[in-house]
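Chemist: Dropping in data36.txt, with compact mmCIF, C-alpha atoms and all ligand atoms.
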```
# COMPACT_ATOMS: atom_id res chain seq x y z
CA MET E 1 -25.13 -35.52 23.10
CA GLN E 2 -25.45 -33.43 19.94
CA LYS E 3 -23.26 -34.31 17.01
CA TYR E 4 -20.44 -31.89 16.22
CA SER E 5 -21.85 -31.21 12.75
CA GLN E 6 -25.23 -30.35 14.31
CA VAL E 7 -23.59 -27.84 16.67
CA MET E 8 -21.73 -26.30 13.74
CA SER E 9 -24.79 -25.97 11.54
CA ASP E 10 -26.78 -24.39 14.40
CA PHE E 11 -23.95 -21.95 14.98
CA VAL E 12 -23.76 -21.01 11.33
CA GLN E 13 -27.55 -20.54 11.13
CA ASN E 14 -27.68 -18.39 14.26
CA HIS E 15 -24.71 -16.23 13.31
CA ALA E 16 -25.00 -16.13 9.52
CA THR E 17 -24.87 -12.35 9.17
CA GLY E 18 -22.00 -11.96 11.60
CA LEU E 19 -20.00 -14.68 9.85
CA ILE E 20 -20.54 -13.14 6.42
CA VAL E 21 -19.45 -9.75 7.71
CA ALA E 22 -16.39 -11.22 9.46
CA PHE E 23 -15.43 -13.26 6.40
CA THR E 24 -15.83 -10.31 4.02
CA ALA E 25 -13.85 -8.02 6.32
CA GLY E 26 -11.10 -10.64 6.65
CA ALA E 27 -10.93 -11.14 2.89
CA ALA E 28 -10.84 -7.38 2.35
CA VAL E 29 -7.96 -6.94 4.81
CA LEU E 30 -6.03 -9.80 3.16
CA ALA E 31 -6.65 -8.34 -0.32
CA LEU E 32 -5.56 -4.89 0.88
CA ARG E 33 -2.44 -6.34 2.49
CA ARG E 34 -1.57 -8.25 -0.71
CA TRP E 35 -2.12 -5.13 -2.80
CA MET E 36 0.08 -3.10 -0.41
CA ALA E 37 2.90 -5.65 -0.56
CA GLY E 38 3.64 -4.68 -4.18
CA GLY E 39 6.19 -6.22 -6.54
CA VAL E 40 9.13 -8.51 -5.87
CA CYS E 41 12.52 -8.45 -7.59
CA ARG E 42 12.86 -11.88 -9.22
CA SER E 43 16.40 -11.42 -10.54
CA LYS E 44 18.89 -14.07 -9.39
CA VAL E 45 21.90 -11.98 -10.45
CA ARG E 46 25.04 -12.59 -8.38
CA LEU E 47 27.35 -9.71 -7.46
CA GLU E 48 30.66 -11.39 -6.59
CA GLY E 49 33.50 -9.01 -7.35
CA LYS E 50 31.16 -5.98 -7.37
CA THR E 51 31.00 -3.15 -4.86
CA VAL E 52 27.75 -1.53 -3.69
CA LEU E 53 27.50 1.63 -1.57
CA ILE E 54 24.20 2.37 0.21
CA THR E 55 23.47 5.55 2.16
CA GLY E 56 21.36 5.28 5.35
CA ALA E 57 21.79 1.51 5.49
CA ASN E 58 21.63 1.03 9.27
CA THR E 59 17.83 0.70 9.37
CA GLY E 60 14.63 0.64 7.28
CA ILE E 61 14.70 -0.28 3.61
CA GLY E 62 18.37 0.68 3.28
CA LYS E 63 19.34 -2.11 5.66
CA GLU E 64 17.15 -4.64 3.81
CA THR E 65 18.70 -3.56 0.52
CA ALA E 66 22.20 -3.97 1.99
CA LEU E 67 21.33 -7.48 3.21
CA ASP E 68 20.12 -8.46 -0.26
CA MET E 69 23.29 -7.11 -1.91
CA ALA E 70 25.42 -9.03 0.64
CA GLN E 71 23.44 -12.22 -0.03
CA ARG E 72 24.25 -11.79 -3.73
CA GLY E 73 27.96 -11.79 -2.84
CA ALA E 74 28.82 -8.09 -3.28
CA ARG E 75 31.22 -6.05 -1.20
CA VAL E 76 28.77 -3.77 0.63
CA ILE E 77 29.58 -0.36 2.08
CA LEU E 78 27.05 0.99 4.59
CA ALA E 79 27.45 4.80 4.55
CA CYS E 80 25.82 6.01 7.77
CA ARG E 81 25.89 8.92 10.17
CA ASP E 82 25.58 6.91 13.41
CA MET E 83 28.58 4.57 13.53
CA THR E 84 27.30 2.58 16.51
CA ARG E 85 24.01 1.73 14.81
CA ALA E 86 25.88 1.13 11.54
CA ARG E 87 28.24 -1.40 13.15
CA ILE E 88 25.35 -3.29 14.74
CA ALA E 89 23.57 -3.42 11.36
CA ALA E 90 26.76 -4.57 9.60
CA ASP E 91 27.21 -7.39 12.16
CA GLU E 92 23.64 -8.56 11.57
CA ILE E 93 24.04 -8.41 7.80
CA ARG E 94 27.34 -10.35 7.89
CA GLN E 95 25.73 -12.98 10.09
CA GLN E 96 22.50 -13.34 8.08
CA SER E 97 24.20 -13.34 4.67
CA GLY E 98 27.33 -15.27 5.56
CA ASN E 99 29.21 -12.57 3.62
CA GLY E 100 32.06 -11.04 5.65
CA ASN E 101 32.72 -8.32 3.07
CA VAL E 102 30.36 -5.75 4.64
CA VAL E 103 31.97 -2.52 5.88
CA VAL E 104 30.77 0.71 7.43
CA LYS E 105 31.87 4.23 6.55
CA LYS E 106 30.89 7.51 8.16
CA LEU E 107 28.56 9.76 6.14
CA ASP E 108 26.47 12.64 7.44
CA LEU E 109 24.55 14.02 4.48
CA SER E 110 23.78 17.22 6.41
CA SER E 111 27.47 18.18 6.13
CA LEU E 112 29.18 18.82 2.78
CA GLN E 113 32.51 18.24 4.50
CA SER E 114 31.38 14.79 5.62
CA VAL E 115 30.19 14.01 2.07
CA ARG E 116 33.55 15.08 0.60
CA ASP E 117 35.45 13.07 3.23
CA LEU E 118 33.50 9.91 2.47
CA ALA E 119 33.87 10.39 -1.28
CA ARG E 120 37.64 10.84 -0.91
CA ASP E 121 37.87 7.71 1.26
CA VAL E 122 35.98 5.69 -1.38
CA GLN E 123 38.01 7.12 -4.29
CA GLU E 124 41.31 6.39 -2.54
CA ASN E 125 40.53 3.00 -1.00
CA GLU E 126 38.02 1.26 -3.27
CA GLU E 127 39.05 -0.31 -6.54
CA ARG E 128 35.59 0.00 -8.02
CA LEU E 129 32.01 1.09 -7.45
CA ASP E 130 29.35 -0.79 -9.39
CA ILE E 131 26.15 0.30 -7.67
CA LEU E 132 25.51 3.54 -5.76
CA ILE E 133 22.22 3.60 -3.86
CA ASN E 134 21.10 7.02 -2.61
CA ASN E 135 18.64 5.78 0.00
CA ALA E 136 19.05 7.87 3.16
CA GLY E 137 16.25 10.29 3.88
CA ILE E 138 14.59 12.45 6.47
CA MET E 139 10.87 13.28 6.42
CA MET E 140 8.82 16.16 7.80
CA CYS E 141 11.25 17.32 10.47
CA PRO E 142 10.73 20.68 12.17
CA LYS E 143 12.41 23.64 10.46
CA SER E 144 16.16 23.20 10.77
CA LYS E 145 19.36 23.80 8.83
CA THR E 146 22.26 21.63 7.70
CA GLU E 147 25.85 22.47 8.69
CA ASP E 148 26.10 24.54 5.50
CA GLY E 149 22.88 26.45 6.15
CA PHE E 150 20.56 24.56 3.75
CA GLU E 151 17.02 23.64 4.73
CA MET E 152 17.38 20.15 6.27
CA GLN E 153 15.17 17.95 4.04
CA PHE E 154 16.39 19.51 0.77
CA GLY E 155 19.96 19.45 2.12
CA VAL E 156 19.98 15.78 3.18
CA ASN E 157 17.60 14.16 0.68
CA HIS E 158 18.85 16.05 -2.39
CA LEU E 159 21.97 18.24 -2.02
CA GLY E 160 24.07 15.79 0.03
CA HIS E 161 23.35 13.02 -2.47
CA PHE E 162 23.90 15.39 -5.40
CA LEU E 163 27.43 16.15 -4.20
CA LEU E 164 28.16 12.54 -3.22
CA THR E 165 27.08 11.22 -6.63
CA ASN E 166 29.11 13.82 -8.53
CA CYS E 167 32.21 13.06 -6.46
CA LEU E 168 31.88 9.32 -7.19
CA LEU E 169 31.15 9.58 -10.94
CA ASP E 170 34.73 8.90 -12.07
CA LEU E 171 34.87 5.65 -10.11
CA LEU E 172 31.42 4.64 -11.36
CA LYS E 173 32.46 5.34 -14.97
CA LYS E 174 35.66 3.32 -14.49
CA SER E 175 33.55 0.41 -13.23
CA ALA E 176 30.92 0.57 -16.03
CA PRO E 177 28.45 -0.93 -16.64
CA SER E 178 27.40 0.56 -13.33
CA ARG E 179 24.21 1.94 -11.81
CA ILE E 180 22.96 4.79 -9.63
CA VAL E 181 19.67 4.23 -7.80
CA ILE E 182 17.87 7.21 -6.26
CA VAL E 183 15.14 6.49 -3.70
CA SER E 184 12.45 9.14 -4.18
CA SER E 185 8.78 8.95 -3.22
CA LEU E 186 5.21 9.23 -4.45
CA ALA E 187 5.28 12.43 -2.37
CA HIS E 188 7.05 14.10 -5.34
CA GLU E 189 3.70 14.17 -7.15
CA LYS E 190 2.44 17.07 -5.06
CA GLY E 191 5.82 18.77 -4.97
CA ARG E 192 7.28 21.75 -6.74
CA ILE E 193 10.75 23.27 -6.76
CA HIS E 194 10.62 26.67 -5.09
CA PHE E 195 13.39 28.25 -7.15
CA ASP E 196 12.71 31.67 -5.65
CA ASP E 197 12.92 30.36 -2.06
CA ILE E 198 14.76 27.01 -2.24
CA ASN E 199 15.35 26.84 1.54
CA LEU E 200 11.69 27.71 2.22
CA ASP E 201 12.84 30.53 4.48
CA LYS E 202 9.69 32.58 3.83
CA ASP E 203 7.14 29.92 4.69
CA TYR E 204 8.46 26.59 5.95
CA ARG E 205 5.98 23.71 5.85
CA ARG E 206 7.36 20.31 6.63
CA GLU E 207 5.35 18.42 4.00
CA ARG E 208 6.08 21.04 1.32
CA SER E 209 9.78 20.66 2.07
CA TYR E 210 9.67 16.85 1.89
CA ARG E 211 7.76 16.95 -1.42
CA GLN E 212 10.23 19.42 -2.89
CA SER E 213 13.18 17.22 -1.90
CA LYS E 214 11.60 14.09 -3.38
CA LEU E 215 10.72 15.92 -6.63
CA ALA E 216 14.36 17.04 -6.72
CA ASN E 217 15.36 13.33 -6.55
CA VAL E 218 13.36 12.51 -9.72
CA LEU E 219 14.58 15.60 -11.61
CA PHE E 220 18.19 14.85 -10.60
CA CYS E 221 17.79 11.30 -11.97
CA ARG E 222 16.59 12.62 -15.34
CA GLU E 223 19.30 15.24 -15.78
CA LEU E 224 22.05 12.89 -14.56
CA ALA E 225 20.92 10.17 -16.98
CA ALA E 226 21.10 12.66 -19.86
CA ARG E 227 24.61 13.74 -18.85
CA LEU E 228 25.78 10.12 -18.50
CA GLN E 229 24.57 8.94 -21.92
CA GLY E 230 27.15 6.70 -23.52
CA THR E 231 29.23 6.22 -20.35
CA GLY E 232 27.72 2.86 -19.32
CA VAL E 233 26.48 4.41 -16.07
CA THR E 234 22.68 4.20 -15.83
CA VAL E 235 20.38 5.99 -13.39
CA TYR E 236 17.00 5.08 -11.85
CA SER E 237 14.63 6.81 -9.44
CA LEU E 238 11.80 5.13 -7.58
CA HIS E 239 8.94 5.12 -5.11
CA PRO E 240 9.51 2.22 -2.68
CA GLY E 241 5.88 2.03 -1.49
CA VAL E 242 4.47 2.88 1.92
CA ILE E 243 6.59 1.03 4.44
CA HIS E 244 6.68 0.59 8.21
CA THR E 245 10.12 2.10 9.05
CA GLU E 246 11.55 4.82 11.28
CA LEU E 247 10.85 7.47 8.62
CA SER E 248 7.80 8.71 10.55
CA ARG E 249 9.93 9.54 13.62
CA HIS E 250 9.35 13.32 13.20
CA LEU E 251 5.74 13.01 12.06
CA TYR E 252 4.43 10.64 14.75
CA PRO E 253 4.99 12.86 17.81
CA THR E 254 2.96 15.66 16.17
CA LEU E 255 -0.17 13.49 15.74
CA ALA E 256 -3.24 13.66 18.00
CA LEU E 257 -4.09 10.53 20.00
CA TRP E 258 -6.81 9.37 17.59
CA GLN E 259 -4.44 9.91 14.68
CA LYS E 260 -1.81 7.82 16.45
CA VAL E 261 -4.31 4.96 16.83
CA ILE E 262 -5.22 5.08 13.12
CA PHE E 263 -1.55 5.41 12.25
CA MET E 264 -0.69 2.26 14.21
CA LEU E 265 -3.53 0.28 12.59
CA PHE E 266 -2.32 1.55 9.21
CA THR E 267 1.32 0.52 9.84
CA SER E 268 0.21 -3.07 10.39
CA LEU E 269 -1.12 -3.12 6.81
CA VAL E 270 1.65 -1.38 4.89
CA LYS E 271 4.82 -2.88 3.41
CA SER E 272 7.46 -4.54 5.57
CA PRO E 273 11.03 -3.23 5.06
CA TRP E 274 11.78 -6.35 2.97
CA GLU E 275 8.83 -5.62 0.68
CA GLY E 276 9.79 -1.94 0.62
CA ALA E 277 13.33 -2.75 -0.55
CA GLN E 278 12.22 -4.72 -3.61
CA THR E 279 11.99 -1.86 -6.12
CA THR E 280 15.40 -0.51 -5.05
CA ILE E 281 16.90 -4.00 -5.50
CA TYR E 282 15.15 -4.35 -8.86
CA CYS E 283 16.63 -1.06 -10.12
CA ALA E 284 20.06 -2.02 -8.76
CA VAL E 285 20.37 -5.47 -10.34
CA ASP E 286 17.61 -6.49 -12.75
CA GLU E 287 19.07 -7.49 -16.11
CA SER E 288 16.11 -6.08 -18.06
CA LEU E 289 17.09 -2.53 -17.05
CA ALA E 290 20.68 -2.75 -18.34
CA ASN E 291 20.10 -0.39 -21.27
CA VAL E 292 17.49 1.87 -19.68
CA SER E 293 18.30 5.12 -17.86
CA GLY E 294 16.56 8.14 -16.35
CA LEU E 295 13.19 6.53 -15.65
CA TYR E 296 11.06 6.31 -12.49
CA TYR E 297 9.85 3.02 -10.98
CA SER E 298 7.26 1.76 -8.50
CA ASP E 299 6.49 -1.84 -7.47
CA CYS E 300 9.29 -3.21 -9.68
CA ALA E 301 7.85 -1.63 -12.85
CA PRO E 302 8.33 1.65 -14.70
CA LYS E 303 5.83 4.37 -13.80
CA THR E 304 5.19 7.80 -15.27
CA PRO E 305 6.06 10.39 -12.62
CA ALA E 306 4.15 13.65 -12.14
CA PRO E 307 4.33 16.16 -15.05
CA GLN E 308 6.60 18.53 -13.08
CA ALA E 309 9.07 15.63 -12.72
CA LEU E 310 9.31 15.39 -16.55
CA ASP E 311 10.25 19.06 -16.99
CA ASP E 312 13.72 18.99 -18.55
CA ALA E 313 14.22 22.75 -18.24
CA ALA E 314 13.49 22.56 -14.51
CA ALA E 315 15.83 19.56 -14.18
CA LYS E 316 18.63 21.58 -15.81
CA LYS E 317 17.88 24.64 -13.67
CA LEU E 318 17.87 22.51 -10.51
CA TRP E 319 21.21 20.98 -11.52
CA ASP E 320 22.82 24.40 -11.94
CA LEU E 321 21.37 25.67 -8.66
CA SER E 322 22.46 22.53 -6.78
CA ALA E 323 25.96 22.70 -8.26
CA SER E 324 26.38 26.27 -7.12
CA MET E 325 24.97 25.51 -3.65
CA VAL E 326 27.40 22.63 -3.02
CA GLY E 327 30.32 24.42 -4.64
CA LEU E 328 30.68 22.29 -7.79
CA ALA E 329 29.99 25.03 -10.32
N1 LIG E 401 8.96 4.49 4.58
C1 LIG E 401 8.19 4.91 3.58
O1 LIG E 401 6.97 4.72 3.61
C2 LIG E 401 8.79 5.64 2.40
C3 LIG E 401 7.93 6.06 1.37
C4 LIG E 401 8.48 6.73 0.29
C5 LIG E 401 9.84 6.96 0.22
N2 LIG E 401 10.66 6.55 1.25
C6 LIG E 401 12.11 6.85 1.14
O2 LIG E 401 12.87 5.70 1.45
C7 LIG E 401 14.16 6.10 1.94
C8 LIG E 401 14.53 5.28 3.17
O3 LIG E 401 13.62 5.56 4.20
P1 LIG E 401 13.16 4.53 5.33
O4 LIG E 401 11.68 4.43 5.21
O5 LIG E 401 13.98 3.31 5.31
O6 LIG E 401 13.44 5.46 6.63
P2 LIG E 401 14.32 5.23 7.97
O7 LIG E 401 14.01 3.91 8.57
O8 LIG E 401 14.08 6.46 8.77
O9 LIG E 401 15.81 5.22 7.42
C9 LIG E 401 16.41 6.42 6.94
C10 LIG E 401 17.90 6.27 6.92
O10 LIG E 401 18.47 7.53 6.49
C11 LIG E 401 19.48 7.89 7.40
N3 LIG E 401 19.71 9.33 7.49
C12 LIG E 401 18.86 10.31 7.87
N4 LIG E 401 19.48 11.49 7.88
C13 LIG E 401 20.78 11.27 7.51
C14 LIG E 401 21.92 12.08 7.36
N5 LIG E 401 21.90 13.39 7.63
N6 LIG E 401 23.09 11.51 6.96
C15 LIG E 401 23.14 10.18 6.72
N7 LIG E 401 22.10 9.37 6.85
C16 LIG E 401 20.92 9.89 7.25
C17 LIG E 401 18.99 7.34 8.74
O11 LIG E 401 20.06 7.30 9.68
P3 LIG E 401 19.75 7.29 11.28
O12 LIG E 401 19.22 5.94 11.62
O13 LIG E 401 21.09 7.57 11.90
O14 LIG E 401 18.76 8.38 11.53
C18 LIG E 401 18.49 5.98 8.30
O15 LIG E 401 19.57 5.10 8.17
C19 LIG E 401 14.07 7.61 2.20
O16 LIG E 401 14.74 8.29 1.16
C20 LIG E 401 12.58 7.90 2.14
O17 LIG E 401 12.31 9.21 1.68
C21 LIG E 401 10.17 5.88 2.32
C1 LIG E 402 21.91 -4.02 -23.84
O1 LIG E 402 22.74 -3.59 -24.90
C2 LIG E 402 23.81 -4.50 -25.16
C3 LIG E 402 24.71 -3.84 -26.20
O2 LIG E 402 23.98 -3.24 -27.23
C4 LIG E 402 23.25 -5.84 -25.61
O3 LIG E 402 24.30 -6.76 -25.84
C5 LIG E 402 22.33 -6.37 -24.51
O4 LIG E 402 21.69 -7.56 -24.94
C6 LIG E 402 21.26 -5.35 -24.12
N1 LIG E 402 20.54 -5.84 -22.96
C7 LIG E 402 19.23 -5.76 -22.80
C8 LIG E 402 18.64 -6.35 -21.53
O5 LIG E 402 18.49 -5.20 -23.59
```
Could you quickly redo this structure as structure tokens?
Modeler:
Amino acid sequence: MQKYSQVMSDFVQNHATGLIVAFTAGAAVLALRRWMAGGVCRSKVRLEGKTVLITGANTGIGKETALDMAQRGARVILACRDMTRARIAADEIRQQSGNGNVVVKKLDLSSLQSVRDLARDVQENEERLDILINNAGIMMCPKSKTEDGFEMQFGVNHLGHFLLTNCLLDLLKKSAPSRIVIVSSLAHEKGRIHFDDINLDKDYRRERSYRQSKLANVLFCRELAARLQGTGVTVYSLHPGVIHTELSRHLYPTLALWQKVIFMLFTSLVKSPWEGAQTTIYCAVDESLANVSGLYYSDCAPKTPAPQALDDAAAKKLWDLSASMVGLA
């Protein structure tokens, strides 16, 4: 009988090339996965006595963010459009965090009436609001309109949050120091604001619309931070990374079979929702950001956004346009 070590050494000699290739490929995948995972929020800050409101918190990174806030002891409000899914998420978060102070409230960002109703509920029934997290989002849907006739992605990702934030500013100021976190995306880098055709009526393209809405998020953060100087309310926008969530629900069905296969391989490498929530959590709680406002973050670190996201004149123009569209002007 051959010794085990002899068998091993024969195997290695006979399959040397294959082993090297397999090992290199394995190491490359691990390195890629590690690189994809990005930064982690290391802050141990507790949030007892604080209130956090998160939009779109029934799934994806919003739900992970809500769980983290609950684990830190905050009162957490999940503002969601689907109350059944929201209640299931709230149950899970209460159970996993051991924090019973997790509530759901109805919010459909594609309806200005729904936004106003939620804001009134919060103003009337909440004593404070310490952290507002504008997380909900829709990506690359077919051409469609919100209840008020706005193009869907701009309406939900930007205008709904624009109105919500403005309606909650008094409560946030009363609760200062307080924070507003706006979940944007790397997709803003290829975006531009189509001031002459904001609803993209002339030529709707789903990726153009998503990019415009995510650029609007970064510009809104800048202008809002400028307006809130000296109030103790600070504002942050961010790219959460590429994460395996339900965000691709409109994109996936439009892919060809081979694209679907690549897409599924890709999703096994990208960030998990927990990893994807880290930059949001960092902007919401990290002590080092207490006196910073208006900046853009990625992987738990500041990042310079695209040049068109640093255009203060455009930020002001977008504010005025948004205010008139939602009836705040
Ligand atoms: N995943 C990524 O790779 C990635 C990359 C860059 C940026 N982001 C940003 O991260 C944020 C969260 O996305 P995610 O990846 O966690 O996606 P997700 O799993 O699809 O979650 C999106 C959330 O937004 C909610 N939502 C959609 N339309 C709404 C509306 N009209 N009113 C109220 N809530 C609405 C959804 O509610 P329902 O469950 O009821 O639909 C869901 O709770 C988005 O702003 C997205 O743009 C994500
Ligand atoms: C923020 O500013 C306050 C007041 O000036 C100061 O007490 C605090 O140490 C600053 N925090 C940080 C993280 O810089």
Chemist: Got a sec to check which residues sit within 10 Å of (24.6, 16.8, 7.6), counting all atoms listed in the file, and write them as a PyMOL selection string?
Modeler: chain E and resi 81+107-115+145-150+152+155-156+160
Chemist: Rounded to one decimal place, report the atom O1 of ligand LIG 401 (chain E)-atom CA of Glu151 of chain E distance in Å.
Modeler: 21.5 Å
Chemist: Give the residues close to ligand LIG 402 (chain E), within 9 Å, counting all atoms listed in the file; write them as a compact mmCIF listing (two decimals) with C-alpha atoms, in the frame of the given file.
Modeler:
```txt
# COMPACT_ATOMS: atom_id res chain seq x y z
CA ASP E 286 17.61 -6.49 -12.75
CA GLU E 287 19.07 -7.49 -16.11
CA SER E 288 16.11 -6.08 -18.06
CA LEU E 289 17.09 -2.53 -17.05
CA ALA E 290 20.68 -2.75 -18.34
CA ASN E 291 20.10 -0.39 -21.27
CA VAL E 292 17.49 1.87 -19.68
```
Chemist: Which residue out of E:Glu223, E:Glu48, E:Glu246, E:Glu64 has the minimum interatomic distance to ligand LIG 401 (chain E) when all atoms listed in the file are used?
Modeler: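 Closest residue, counting all atoms listed in the file: E:Glu246.
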Chemist: Mind working out the centre and edge lengths of an axis-aligned box for segment 82-101 of chain E, all listed atoms inside, 4 Å added to each side, rounded to one decimal in Å and written as lines of an AutoDock Vina configuration file?
Modeler:
```
center_x = 27.6
center_y = -4.2
center_z = 9.8
size_x = 18.2
size_y = 30.2
size_z = 21.4
```
Chemist: List every residue of chain E that has an atom at most 6 Å from any atom of ligand LIG 401 (chain E), and for each one report the closest atom pair and its distance in Å to one decimal, counting only C-alpha atoms and all ligand atoms, with rows sorted by chain and then by increasing residue number, as a tab-separated table.
Modeler:
```
residue	atom	partner	partner_atom	distance
E:Gly56	CA	E:LIG401	O15	3.3
E:Ala57	CA	E:LIG401	O15	5.0
E:Asn58	CA	E:LIG401	O15	4.7
E:Thr59	CA	E:LIG401	O15	4.9
E:Gly60	CA	E:LIG401	O5	3.4
E:Ile61	CA	E:LIG401	O5	4.0
E:Gly62	CA	E:LIG401	O5	5.5
E:Cys80	CA	E:LIG401	C15	5.1
E:Arg81	CA	E:LIG401	C15	4.6
E:Asp82	CA	E:LIG401	O13	4.8
E:Leu107	CA	E:LIG401	C15	5.5
E:Asp108	CA	E:LIG401	N6	3.6
E:Leu109	CA	E:LIG401	N6	3.8
E:Ser110	CA	E:LIG401	N5	4.4
E:Asn135	CA	E:LIG401	O16	4.8
E:Ala136	CA	E:LIG401	O10	3.4
E:Gly137	CA	E:LIG401	O16	3.7
E:Ile138	CA	E:LIG401	C12	5.0
E:Val156	CA	E:LIG401	N5	5.4
E:Val183	CA	E:LIG401	O16	5.2
E:Ser184	CA	E:LIG401	C5	5.6
E:Ser185	CA	E:LIG401	C5	4.1
E:His239	CA	E:LIG401	C4	5.7
E:Pro240	CA	E:LIG401	C4	5.5
E:Gly241	CA	E:LIG401	C3	5.4
E:Val242	CA	E:LIG401	O1	3.5
E:Ile243	CA	E:LIG401	O1	3.8
E:His244	CA	E:LIG401	N1	5.8
E:Thr245	CA	E:LIG401	O7	4.3
E:Glu246	CA	E:LIG401	O7	3.8
E:Leu247	CA	E:LIG401	O8	3.4
```
Chemist: If you measure from atom CA of Ile88 of chain E to atom CA of Ser272 of chain E, what distance in Å do you get, rounded to one decimal?
Modeler: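 Separating atom CA of Ile88 of chain E from atom CA of Ser272 of chain E is a distance of 20.1 Å.
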Chemist: Would you please work out which residue, of E:Tyr236, E:Tyr210, E:Phe195, E:Phe162, is nearest to Lys143 of chain E when using only C-alpha atoms?
Modeler: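 Going through E:Tyr236, E:Tyr210, E:Phe195, E:Phe162 one by one, the smallest distance to Lys143 of chain E is for E:Tyr210.
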Chemist: For the atom pair atom CA of Asp299 of chain E and atom CA of Tyr252 of chain E, what is the interatomic distance in Å to one decimal place?
Modeler: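 Atom-to-atom, atom CA of Asp299 of chain E and atom CA of Tyr252 of chain E are spaced 25.6 Å apart.
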Chemist: Using only C-alpha atoms, which residues sit within 8 Å of Gly73 of chain E once same-chain residues fewer than 2 positions away are excluded, as a list in words?
Modeler: Arg46, Leu47, Glu48, Gly49, Met69, Ala70, Gln71, Arg75 and Asn99 of chain E
Chemist: Could you check which of E:Arg120, E:Lys317, E:Lys106, E:Arg72 is closest to Arg85 of chain E, using all atoms listed in the file?
Modeler: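 Of all the options, E:Lys106 lies closest to Arg85 of chain E.
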Chemist: For Pro305 of chain E, which residue among E:Ala79, E:Leu257, E:Ala187, E:Leu164 is the nearest when counting all atoms listed in the file?
Modeler: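 Selected residue with least distance to Pro305 of chain E: E:Ala187.
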Chemist: Of the candidates E:Lys202, E:Thr231, E:Glu124, E:Ile54, which one gets nearest to Val103 of chain E if we count only C-alpha atoms?
Modeler: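 Closest to Val103 of chain E, using only C-alpha atoms: E:Ile54.
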Chemist: My list of candidates is E:Thr280, E:Arg206, E:Leu238, E:Leu321. Which is closest to Ser144 of chain E when distances are computed with all atoms listed in the file?
Modeler: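 Ranked by minimum distance to Ser144 of chain E, first place goes to E:Arg206.
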Chemist: Show me as a ChimeraX atom specification the residues that reach within 12 Å of (32.3, -2.9, -18.3), counting all atoms listed in the file and using the file's own coordinates.
Modeler: /E:50,128-130,172-179,231-233,290
Chemist: Kindly reconstruct segment 291-303 of chain E with N, CA and C atoms and present the result as a PDB file, keeping the file's coordinate frame.
Modeler:
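Output below, filename rebuild_13.pdb:
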```pdb
ATOM      1  N   ASN E 291      19.931  -1.447 -20.265  1.00  0.00           N
ATOM      2  CA  ASN E 291      20.100  -0.390 -21.270  1.00  0.00           C
ATOM      3  C   ASN E 291      19.083   0.742 -21.100  1.00  0.00           C
ATOM      4  N   VAL E 292      18.494   0.839 -19.945  1.00  0.00           N
ATOM      5  CA  VAL E 292      17.490   1.870 -19.680  1.00  0.00           C
ATOM      6  C   VAL E 292      18.089   2.858 -18.683  1.00  0.00           C
ATOM      7  N   SER E 293      17.781   4.142 -18.814  1.00  0.00           N
ATOM      8  CA  SER E 293      18.300   5.120 -17.860  1.00  0.00           C
ATOM      9  C   SER E 293      17.378   6.322 -17.753  1.00  0.00           C
ATOM     10  N   GLY E 294      17.287   6.890 -16.550  1.00  0.00           N
ATOM     11  CA  GLY E 294      16.560   8.140 -16.350  1.00  0.00           C
ATOM     12  C   GLY E 294      15.094   7.990 -16.001  1.00  0.00           C
ATOM     13  N   LEU E 295      14.618   6.723 -15.903  1.00  0.00           N
ATOM     14  CA  LEU E 295      13.190   6.530 -15.650  1.00  0.00           C
ATOM     15  C   LEU E 295      12.889   6.371 -14.156  1.00  0.00           C
ATOM     16  N   TYR E 296      11.584   6.382 -13.862  1.00  0.00           N
ATOM     17  CA  TYR E 296      11.060   6.310 -12.490  1.00  0.00           C
ATOM     18  C   TYR E 296      10.295   5.000 -12.342  1.00  0.00           C
ATOM     19  N   TYR E 297      10.426   4.347 -11.194  1.00  0.00           N
ATOM     20  CA  TYR E 297       9.850   3.020 -10.980  1.00  0.00           C
ATOM     21  C   TYR E 297       9.015   2.971  -9.709  1.00  0.00           C
ATOM     22  N   SER E 298       8.052   2.025  -9.694  1.00  0.00           N
ATOM     23  CA  SER E 298       7.260   1.760  -8.500  1.00  0.00           C
ATOM     24  C   SER E 298       6.813   0.305  -8.585  1.00  0.00           C
ATOM     25  N   ASP E 299       6.870  -0.424  -7.479  1.00  0.00           N
ATOM     26  CA  ASP E 299       6.490  -1.840  -7.470  1.00  0.00           C
ATOM     27  C   ASP E 299       7.176  -2.641  -8.582  1.00  0.00           C
ATOM     28  N   CYS E 300       8.481  -2.446  -8.722  1.00  0.00           N
ATOM     29  CA  CYS E 300       9.290  -3.210  -9.680  1.00  0.00           C
ATOM     30  C   CYS E 300       8.782  -3.083 -11.120  1.00  0.00           C
ATOM     31  N   ALA E 301       8.300  -1.896 -11.481  1.00  0.00           N
ATOM     32  CA  ALA E 301       7.850  -1.630 -12.850  1.00  0.00           C
ATOM     33  C   ALA E 301       8.009  -0.147 -13.125  1.00  0.00           C
ATOM     34  N   PRO E 302       8.230   0.227 -14.404  1.00  0.00           N
ATOM     35  CA  PRO E 302       8.330   1.650 -14.700  1.00  0.00           C
ATOM     36  C   PRO E 302       6.992   2.345 -14.441  1.00  0.00           C
ATOM     37  N   LYS E 303       7.048   3.600 -14.048  1.00  0.00           N
ATOM     38  CA  LYS E 303       5.830   4.370 -13.800  1.00  0.00           C
ATOM     39  C   LYS E 303       6.079   5.785 -14.306  1.00  0.00           C
TER      40      LYS E 303
END
```
